[in-house]
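Pasted below: target10.txt, compact mmCIF, C-alpha atoms and all ligand atoms.
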```
# COMPACT_ATOMS: atom_id res chain seq x y z
CA MET A 6 -17.90 21.71 -41.61
CA LEU A 7 -15.15 21.56 -44.25
CA LEU A 8 -13.56 24.70 -42.81
CA LYS A 9 -13.68 23.25 -39.31
CA ASN A 10 -11.99 20.05 -40.54
CA LEU A 11 -9.25 22.09 -42.17
CA ARG A 12 -8.80 24.20 -39.03
CA ASP A 13 -8.52 21.02 -36.95
CA GLU A 14 -5.98 19.57 -39.37
CA ILE A 15 -3.81 22.68 -39.07
CA THR A 16 -4.06 22.50 -35.27
CA ALA A 17 -3.13 18.79 -35.36
CA THR A 18 -0.10 19.54 -37.52
CA LEU A 19 1.07 22.25 -35.14
CA ALA A 20 0.60 19.92 -32.18
CA ARG A 21 2.42 16.94 -33.71
CA ASP A 22 5.29 18.50 -35.63
CA PRO A 23 7.83 20.27 -33.43
CA ALA A 24 9.18 21.99 -36.57
CA ALA A 25 5.87 23.75 -37.34
CA ARG A 26 5.90 27.36 -36.11
CA SER A 27 2.65 28.95 -37.29
CA ARG A 28 -0.68 28.18 -38.90
CA LEU A 29 0.36 30.11 -41.99
CA GLU A 30 3.48 27.97 -42.30
CA VAL A 31 1.30 24.84 -42.20
CA VAL A 32 -1.01 26.22 -44.89
CA LEU A 33 1.84 27.26 -47.17
CA CYS A 34 4.53 24.65 -46.62
CA TYR A 35 3.00 21.31 -45.59
CA PRO A 36 2.40 18.87 -48.48
CA GLY A 37 0.41 16.63 -46.13
CA PHE A 38 -2.07 19.45 -45.58
CA HIS A 39 -2.25 20.17 -49.33
CA ALA A 40 -2.80 16.49 -50.09
CA LEU A 41 -5.77 16.44 -47.73
CA LEU A 42 -7.29 19.45 -49.55
CA TYR A 43 -7.04 17.58 -52.87
CA TYR A 44 -8.34 14.42 -51.25
CA ARG A 45 -11.43 16.14 -49.80
CA LEU A 46 -12.35 17.51 -53.23
CA ALA A 47 -11.56 14.24 -55.05
CA HIS A 48 -13.50 12.21 -52.48
CA SER A 49 -16.62 14.37 -52.77
CA LEU A 50 -16.52 13.94 -56.57
CA TRP A 51 -16.05 10.18 -56.13
CA GLU A 52 -18.99 9.99 -53.73
CA ARG A 53 -21.20 11.66 -56.37
CA GLY A 54 -20.19 9.02 -58.90
CA TRP A 55 -17.89 11.35 -60.83
CA TYR A 56 -15.11 8.80 -60.77
CA LEU A 57 -12.91 10.14 -63.56
CA SER A 58 -13.02 13.70 -62.17
CA GLY A 59 -12.20 12.32 -58.71
CA ARG A 60 -9.25 10.36 -60.10
CA PHE A 61 -8.04 13.39 -62.03
CA VAL A 62 -8.09 15.71 -59.00
CA SER A 63 -6.33 13.02 -57.00
CA HIS A 64 -3.72 12.69 -59.74
CA VAL A 65 -3.06 16.46 -59.75
CA GLY A 66 -2.68 16.31 -55.97
CA ARG A 67 -0.19 13.48 -56.32
CA MET A 68 1.87 15.41 -58.88
CA LEU A 69 2.07 18.44 -56.62
CA THR A 70 2.59 16.75 -53.27
CA GLY A 71 4.09 13.29 -53.90
CA ILE A 72 1.25 11.84 -51.84
CA GLU A 73 -1.18 9.49 -53.55
CA ILE A 74 -4.56 9.16 -51.90
CA HIS A 75 -7.20 7.28 -53.85
CA PRO A 76 -10.45 9.28 -53.87
CA GLY A 77 -12.34 6.19 -52.72
CA ALA A 78 -10.36 5.93 -49.46
CA ARG A 79 -12.09 6.94 -46.24
CA ILE A 80 -10.15 9.26 -43.96
CA GLY A 81 -11.19 10.46 -40.51
CA LYS A 82 -10.49 13.73 -38.77
CA ARG A 83 -7.14 15.35 -38.01
CA LEU A 84 -4.95 13.10 -40.12
CA PHE A 85 -1.36 14.40 -40.16
CA ILE A 86 0.89 13.26 -43.01
CA ASP A 87 4.41 14.41 -42.16
CA HIS A 88 6.84 15.05 -45.05
CA GLY A 89 4.53 12.99 -47.21
CA MET A 90 6.59 12.07 -50.23
CA GLY A 91 5.91 8.50 -51.31
CA VAL A 92 2.76 7.95 -49.22
CA VAL A 93 0.22 5.72 -50.99
CA ILE A 94 -3.30 5.20 -49.62
CA GLY A 95 -5.35 2.66 -51.56
CA GLU A 96 -8.94 2.72 -52.70
CA THR A 97 -10.52 0.66 -49.93
CA ALA A 98 -8.25 1.91 -47.15
CA GLU A 99 -9.91 3.45 -44.09
CA ILE A 100 -8.20 5.69 -41.54
CA GLY A 101 -9.70 6.69 -38.19
CA ASP A 102 -9.32 9.99 -36.34
CA ASP A 103 -6.08 11.54 -35.06
CA CYS A 104 -3.69 9.36 -37.06
CA THR A 105 -0.17 10.25 -38.18
CA LEU A 106 1.60 8.89 -41.24
CA TYR A 107 5.22 9.60 -42.12
CA HIS A 108 6.74 9.63 -45.58
CA GLY A 109 6.93 6.45 -47.61
CA VAL A 110 3.98 4.74 -45.92
CA THR A 111 1.87 2.41 -48.03
CA LEU A 112 -1.62 1.37 -47.05
CA GLY A 113 -1.75 -1.14 -49.87
CA GLY A 114 -3.75 -4.02 -51.23
CA THR A 115 -2.86 -7.68 -51.51
CA ARG A 116 -6.10 -9.02 -52.93
CA PRO A 117 -7.53 -9.11 -56.44
CA SER A 118 -9.23 -6.04 -57.85
CA ARG A 119 -12.88 -5.22 -57.24
CA GLU A 120 -13.75 -6.77 -60.62
CA GLN A 121 -11.96 -9.99 -59.67
CA GLY A 122 -14.07 -10.34 -56.57
CA GLY A 123 -11.91 -8.69 -53.89
CA GLN A 124 -14.08 -6.09 -52.20
CA LYS A 125 -11.94 -4.86 -49.33
CA ARG A 126 -8.29 -4.95 -50.38
CA HIS A 127 -6.63 -2.35 -48.17
CA PRO A 128 -6.12 -1.93 -44.42
CA THR A 129 -8.38 -0.30 -41.87
CA ILE A 130 -6.43 1.92 -39.49
CA GLY A 131 -8.01 2.67 -36.11
CA ASN A 132 -7.93 5.95 -34.19
CA ASP A 133 -4.74 7.54 -32.84
CA VAL A 134 -2.40 5.30 -34.85
CA ILE A 135 1.15 6.33 -35.82
CA VAL A 136 2.71 4.69 -38.88
CA GLY A 137 6.47 5.26 -39.13
CA SER A 138 8.34 6.22 -42.27
CA GLY A 139 8.56 3.60 -44.99
CA ALA A 140 6.17 1.19 -43.25
CA GLN A 141 4.04 -1.02 -45.46
CA VAL A 142 0.64 -2.04 -44.15
CA LEU A 143 -0.79 -4.49 -46.62
CA GLY A 144 -4.10 -6.26 -47.10
CA PRO A 145 -7.58 -5.97 -45.61
CA ILE A 146 -6.31 -6.15 -42.02
CA ARG A 147 -7.18 -3.96 -39.03
CA VAL A 148 -4.62 -1.92 -37.15
CA GLY A 149 -6.06 -1.36 -33.68
CA ASP A 150 -6.62 1.98 -31.95
CA GLY A 151 -3.50 3.58 -30.53
CA ALA A 152 -1.13 1.19 -32.34
CA ARG A 153 2.42 2.22 -33.29
CA ILE A 154 3.93 0.86 -36.50
CA GLY A 155 7.72 1.21 -36.59
CA ALA A 156 9.65 2.74 -39.42
CA ALA A 157 10.15 0.27 -42.30
CA ALA A 158 7.88 -2.37 -40.74
CA VAL A 159 5.92 -4.67 -43.04
CA VAL A 160 2.56 -5.45 -41.47
CA MET A 161 0.31 -8.09 -43.01
CA LYS A 162 -1.59 -9.36 -39.98
CA GLU A 163 -4.09 -7.83 -37.56
CA VAL A 164 -2.54 -5.44 -35.03
CA PRO A 165 -4.08 -5.35 -31.53
CA ASP A 166 -5.07 -2.03 -29.95
CA ARG A 167 -2.10 -0.05 -28.64
CA ALA A 168 0.44 -2.61 -29.88
CA THR A 169 3.88 -1.54 -31.13
CA MET A 170 4.97 -3.46 -34.22
CA VAL A 171 8.43 -3.47 -35.80
CA GLY A 172 10.35 -5.38 -38.45
CA ASN A 173 9.64 -7.47 -41.52
CA PRO A 174 7.45 -9.40 -41.03
CA ALA A 175 6.24 -7.13 -38.25
CA ARG A 176 6.33 -8.51 -34.71
CA GLN A 177 4.88 -7.04 -31.57
CA VAL A 178 7.51 -5.52 -29.28
CA GLY A 179 5.27 -3.69 -26.86
CA ARG A 180 1.80 -2.63 -25.89
CA ARG A 181 0.85 0.59 -24.18
CA SER A 182 -1.70 0.24 -21.39
CA ALA A 183 -5.06 1.94 -21.56
CA PRO A 184 -6.31 4.08 -18.67
CA GLY A 185 -7.76 1.73 -16.06
CA GLU A 186 -6.30 -1.36 -17.70
CA ALA A 187 -3.82 -3.68 -16.00
CA PRO A 188 -0.26 -2.94 -17.04
CA PRO A 189 1.25 -5.17 -19.75
CA VAL A 190 2.74 -8.46 -18.59
CA PHE A 191 6.17 -7.90 -20.06
CA GLU A 192 6.59 -4.54 -18.32
CA PRO A 193 5.03 -4.71 -14.83
CA TYR A 194 3.56 -1.40 -13.68
CA GLY A 195 5.17 0.23 -16.69
CA ILE A 196 8.61 0.07 -15.03
CA SER A 197 11.20 -1.82 -17.00
CA GLY A 198 13.76 -4.09 -15.28
CA GLU A 199 16.54 -1.55 -15.80
CA ILE A 200 14.93 1.13 -13.62
CA PRO A 201 16.00 0.60 -9.94
CA ASP A 202 13.23 0.50 -7.36
CA PRO A 203 14.55 2.53 -4.36
CA ILE A 204 12.62 0.52 -1.76
CA ALA A 205 13.84 -2.79 -3.17
CA ARG A 206 17.39 -1.43 -3.17
CA ALA A 207 17.12 -0.36 0.49
CA LEU A 208 15.73 -3.79 1.49
CA ASN A 209 18.48 -5.58 -0.41
CA GLY A 210 21.05 -3.43 1.41
CA LEU A 211 19.53 -4.36 4.79
CA LEU A 212 19.49 -8.07 3.91
CA ASP A 213 23.17 -7.88 2.92
CA GLU A 214 23.95 -6.19 6.22
CA VAL A 215 22.08 -8.86 8.21
CA SER A 216 23.91 -11.71 6.50
CA THR A 217 27.28 -10.00 7.09
CA LEU A 218 26.44 -9.55 10.78
CA ARG A 219 25.34 -13.18 11.04
CA ALA A 220 28.66 -14.30 9.60
CA ARG A 221 30.57 -12.09 12.08
CA LEU A 222 28.50 -13.43 14.96
CA GLY A 223 29.26 -17.02 13.96
CA GLU A 224 32.94 -16.12 13.80
CA LEU A 225 32.82 -14.60 17.28
CA GLU A 226 31.01 -17.58 18.73
CA ARG A 227 33.67 -19.89 17.31
CA VAL A 228 36.45 -17.75 18.81
CA ARG A 229 34.80 -17.71 22.26
CA GLU A 230 34.13 -21.48 22.29
CA PRO A 231 36.42 -23.19 24.94
CA ALA A 232 39.10 -25.34 23.31
CA PRO A 233 39.19 -28.89 24.84
CA SER A 234 42.26 -29.51 27.08
CA ASP A 235 44.42 -32.64 27.00
CA ASP A 236 42.49 -34.26 29.87
CA GLY A 237 39.17 -33.69 28.04
CA SER A 238 37.94 -30.83 30.27
CA ALA A 239 37.11 -27.50 28.74
CA SER A 240 39.79 -24.88 29.27
CA ALA A 241 38.99 -21.31 30.26
CA PRO A 242 37.81 -19.24 27.33
CA GLU A 243 40.39 -16.98 25.80
CA PRO A 244 39.44 -13.32 25.43
CA ALA A 245 38.24 -12.57 21.94
CA PRO A 246 40.66 -10.51 19.89
CA ARG A 247 39.80 -6.84 19.87
CA ARG A 248 39.59 -6.66 16.10
CA ALA A 249 36.97 -9.44 15.98
CA LEU A 250 34.65 -7.51 18.30
CA ARG A 251 34.75 -4.37 16.22
CA ALA A 252 31.56 -3.71 14.24
CA GLN A 253 31.72 -3.95 10.48
CA PRO A 254 31.79 -0.62 8.70
C1 LIG B 1 8.28 1.59 -33.37
C2 LIG B 1 8.48 2.81 -32.49
C3 LIG B 1 7.20 3.62 -32.42
C4 LIG B 1 8.82 2.20 -31.10
O1 LIG B 1 9.08 3.18 -30.17
P1 LIG B 1 9.18 2.77 -28.61
O2 LIG B 1 7.87 2.31 -28.10
O3 LIG B 1 9.85 3.89 -27.91
O4 LIG B 1 10.06 1.45 -28.62
P2 LIG B 1 11.62 1.27 -28.29
O5 LIG B 1 12.44 2.36 -28.90
O6 LIG B 1 11.74 1.03 -26.81
O7 LIG B 1 11.97 -0.08 -29.07
C5 LIG B 1 11.49 -1.35 -28.66
C6 LIG B 1 12.26 -2.40 -29.44
O8 LIG B 1 11.93 -2.32 -30.83
C7 LIG B 1 13.09 -2.04 -31.61
N1 LIG B 1 12.68 -1.09 -32.67
C8 LIG B 1 12.16 0.14 -32.47
N2 LIG B 1 11.84 0.68 -33.66
C9 LIG B 1 12.19 -0.21 -34.61
C10 LIG B 1 12.09 -0.23 -36.02
N3 LIG B 1 11.57 0.81 -36.67
N4 LIG B 1 12.50 -1.32 -36.68
C11 LIG B 1 13.03 -2.39 -36.01
N5 LIG B 1 13.14 -2.43 -34.66
C12 LIG B 1 12.72 -1.36 -33.98
C13 LIG B 1 14.10 -1.45 -30.63
O9 LIG B 1 15.41 -1.64 -31.06
C14 LIG B 1 13.77 -2.20 -29.39
O10 LIG B 1 14.33 -3.49 -29.49
P3 LIG B 1 15.04 -4.19 -28.20
O11 LIG B 1 13.94 -4.32 -27.17
O12 LIG B 1 15.52 -5.49 -28.72
O13 LIG B 1 16.11 -3.25 -27.79
C15 LIG B 1 9.63 3.72 -33.00
O14 LIG B 1 10.89 3.11 -32.81
C16 LIG B 1 9.49 4.07 -34.50
O15 LIG B 1 9.95 3.37 -35.39
N6 LIG B 1 8.81 5.24 -34.75
C17 LIG B 1 8.66 5.78 -36.09
C18 LIG B 1 9.56 6.98 -36.23
C19 LIG B 1 9.57 7.56 -37.62
O16 LIG B 1 9.09 7.00 -38.58
N7 LIG B 1 10.13 8.72 -37.71
C20 LIG B 1 10.20 9.42 -38.94
C21 LIG B 1 10.37 10.89 -38.61
S1 LIG B 1 10.75 11.77 -40.04
```

This entry written out as structure tokens:
Amino acid sequence: MLLKNLRDEITATLARDPAARSRLEVVLCYPGFHALLYYRLAHSLWERGWYLSGRFVSHVGRMLTGIEIHPGARIGKRLFIDHGMGVVIGETAEIGDDCTLYHGVTLGGTRPSREQGGQKRHPTIGNDVIVGSGAQVLGPIRVGDGARIGAAAVVMKEVPDRATMVGNPARQVGRRSAPGEAPPVFEPYGISGEIPDPIARALNGLLDEVSTLRARLGELERVREPAPSDDGSASAPEPAPRRALRAQP
């Protein structure tokens, strides 16, 4: 089971980091992978009630990788921590499957310690979440499945599934649609306003042409209208000028 998890983590790293060239490179050169090895050992000690040993292994892992994962944290499968340095994952943090964290990410607490009555102090991250470099996700909030947290964002409120959050305080700037779900309101059918719709363009062209022709027709009708003579009777219509009859290019 442990070996399978490790194999999956190597595969996930290869899939998500374009710079990774081989499994051996991941094993030898990826601090995120090393940190997960230390975490798995520290967590199993923690689960057995060997708290000090768990903390010590976690501390050694932090010294060697620059990534601090509390042994009490709960981490799902195929987590990929890219670059890693400065990542802090708190004691009551939970991370789902297939997540990616970049360097400098904090999954931190905002509540009092366990002794002071705060049970859950750190965030719960859903499945398939990407947290950009330097982002701070603070407090016992939930970050929904498939969410994207922008680099340097500070998130302190719940994040809906598949939402994209940026800034400090973080605000939602987008939401990816799920298979079978209606497209998001702000981006109909997933096509932004800047992308030209070829059918709409063709129709607009035709409408322009029609209104130009209408204007020319009105002009022609005015030219062909008999001008009233001095005695009030209509004079014979003058031939329309040749140029006026020519079709518009
Ligand atoms: C948040 C993120 C996932 C959004 O990607 P996206 O869905 O393609 O969104 P867009 O690039 O279309 O940006 C949408 C809006 O958010 C803004 N935005 C994007 N990322 C931002 C960020 N980190 N901070 C502040 N604003 C950001 C854009 O300027 C844009 O604003 P506008 O609509 O006013 O022009 C991405 O920008 C990001 O930050 N990824 C993390 C990358 C990272 O950490 N890399 C480290 C590699 S070592």

task: Have a look at atom P1 of ligand LIG 1 (chain B) and CA of Ile154 in chain A and let me know their distance in Å, one decimal.
output: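 CA of Ile154 in chain A lies 9.7 Å from atom P1 of ligand LIG 1 (chain B).
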
message: When you look at Val92 in chain A with a cut-off of 7 Å (counting only C-alpha atoms), what residues show up, excluding the ones that are within fewer than 6 positions of it in the same chain? I need them as a list in words.
response: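 Residues meeting the cut-off are Ile72, Glu73, His108, Gly109, Val110 and Thr111 of chain A.
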
Any residue with an atom at most 7 Å from ligand LIG 1 (chain B) counts, using all atoms listed in the file. Which are they? Put them as a PDB file with C-alpha atoms, keeping the file's coordinate frame.
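To be explicit, this is the file written out as out.pdb:
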```
ATOM      1  CA  TYR A 107       5.220   9.600 -42.120  1.00  0.00           C
ATOM      2  CA  VAL A 136       2.710   4.690 -38.880  1.00  0.00           C
ATOM      3  CA  GLY A 137       6.470   5.260 -39.130  1.00  0.00           C
ATOM      4  CA  SER A 138       8.340   6.220 -42.270  1.00  0.00           C
ATOM      5  CA  ARG A 153       2.420   2.220 -33.290  1.00  0.00           C
ATOM      6  CA  ILE A 154       3.930   0.860 -36.500  1.00  0.00           C
ATOM      7  CA  GLY A 155       7.720   1.210 -36.590  1.00  0.00           C
ATOM      8  CA  ALA A 156       9.650   2.740 -39.420  1.00  0.00           C
ATOM      9  CA  ALA A 157      10.150   0.270 -42.300  1.00  0.00           C
ATOM     10  CA  ALA A 158       7.880  -2.370 -40.740  1.00  0.00           C
ATOM     11  CA  THR A 169       3.880  -1.540 -31.130  1.00  0.00           C
ATOM     12  CA  MET A 170       4.970  -3.460 -34.220  1.00  0.00           C
ATOM     13  CA  VAL A 171       8.430  -3.470 -35.800  1.00  0.00           C
ATOM     14  CA  GLY A 172      10.350  -5.380 -38.450  1.00  0.00           C
ATOM     15  CA  VAL A 178       7.510  -5.520 -29.280  1.00  0.00           C
ATOM     16  CA  GLY A 179       5.270  -3.690 -26.860  1.00  0.00           C
TER      17      GLY A 179
END
```

- prompt: A:Ala220, A:Leu19, A:Ala168, A:Leu7: which is nearest Ser49 in chain A, counting all atoms listed in the file?
  reply: A:Leu7

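In this comparison, which uses all atoms listed in the file, the residue of A:Trp51, A:Phe85, A:Tyr56, A:Phe38 approaching Ala17 in chain A most closely is A:Phe85.
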
Nearby residues, (7.6, 14.2, -45.4) file frame, 8 Å, all atoms listed in the file, as a PyMOL selection string: chain A and resi 36-37+86-90+107-108

message: Residues near Met6 in chain A, anyone? I mean within 12 Å using all atoms listed in the file, not counting same-chain ones fewer than 4 positions away, as a list in words.
response: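 Using all atoms listed in the file, the neighbours found are Asn10, Leu11, Arg12, Asp13, Arg45 and Lys82 of chain A.
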
- prompt: Using only C-alpha atoms, which residue out of A:Ser63, A:Thr115, A:Ser216, A:Thr129 lies closest to Gly101 in chain A?
  reply: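 Residue with the minimum atom-to-atom distance to Gly101 in chain A: A:Thr129.
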
- line: With distances taken over all atoms listed in the file, the candidate from A:Glu163, A:Gly77, A:Ile100, A:Gly114 nearest Leu50 in chain A is A:Gly77

Using the file's own x, y and z axes, so that the box edges lie along x, y and z, what centre and edge lengths in Å (one decimal) does a box around every listed atom of range 82-96 of chain A get when 3 Å is added on each side? Give it as AutoDock Vina command-line options.
```
--center_x -1.8 --center_y 9.0 --center_z -45.4 --size_x 23.3 --size_y 18.7 --size_z 20.7
```

query: Taking only C-alpha atoms into account, which of A:Ser27, A:Leu143, A:Arg60, A:Gly66 comes nearest His39 in chain A?
result: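 Comparing A:Ser27, A:Leu143, A:Arg60, A:Gly66 against His39 in chain A, the winner is A:Gly66.
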
- request: Would you mind reading off the distance between CA of Gly81 in chain A and CA of Leu42 in chain A, one decimal, in Å?
  value: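 For CA of Gly81 in chain A relative to CA of Leu42 in chain A, the distance reads 13.3 Å.
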
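For Asp166 in chain A, the residues within 6 Å (counting only C-alpha atoms, excluding itself and residues fewer than 5 positions away along the chain) are Gly149, Asp150, Gly151 and Ala152 of chain A.
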
Would you save the residues of that selection, restricted to C-alpha atoms, as a compact mmCIF listing (two decimals), in the coordinates of the input?
```txt
# COMPACT_ATOMS: atom_id res chain seq x y z
CA GLY A 149 -6.06 -1.36 -33.68
CA ASP A 150 -6.62 1.98 -31.95
CA GLY A 151 -3.50 3.58 -30.53
CA ALA A 152 -1.13 1.19 -32.34
```
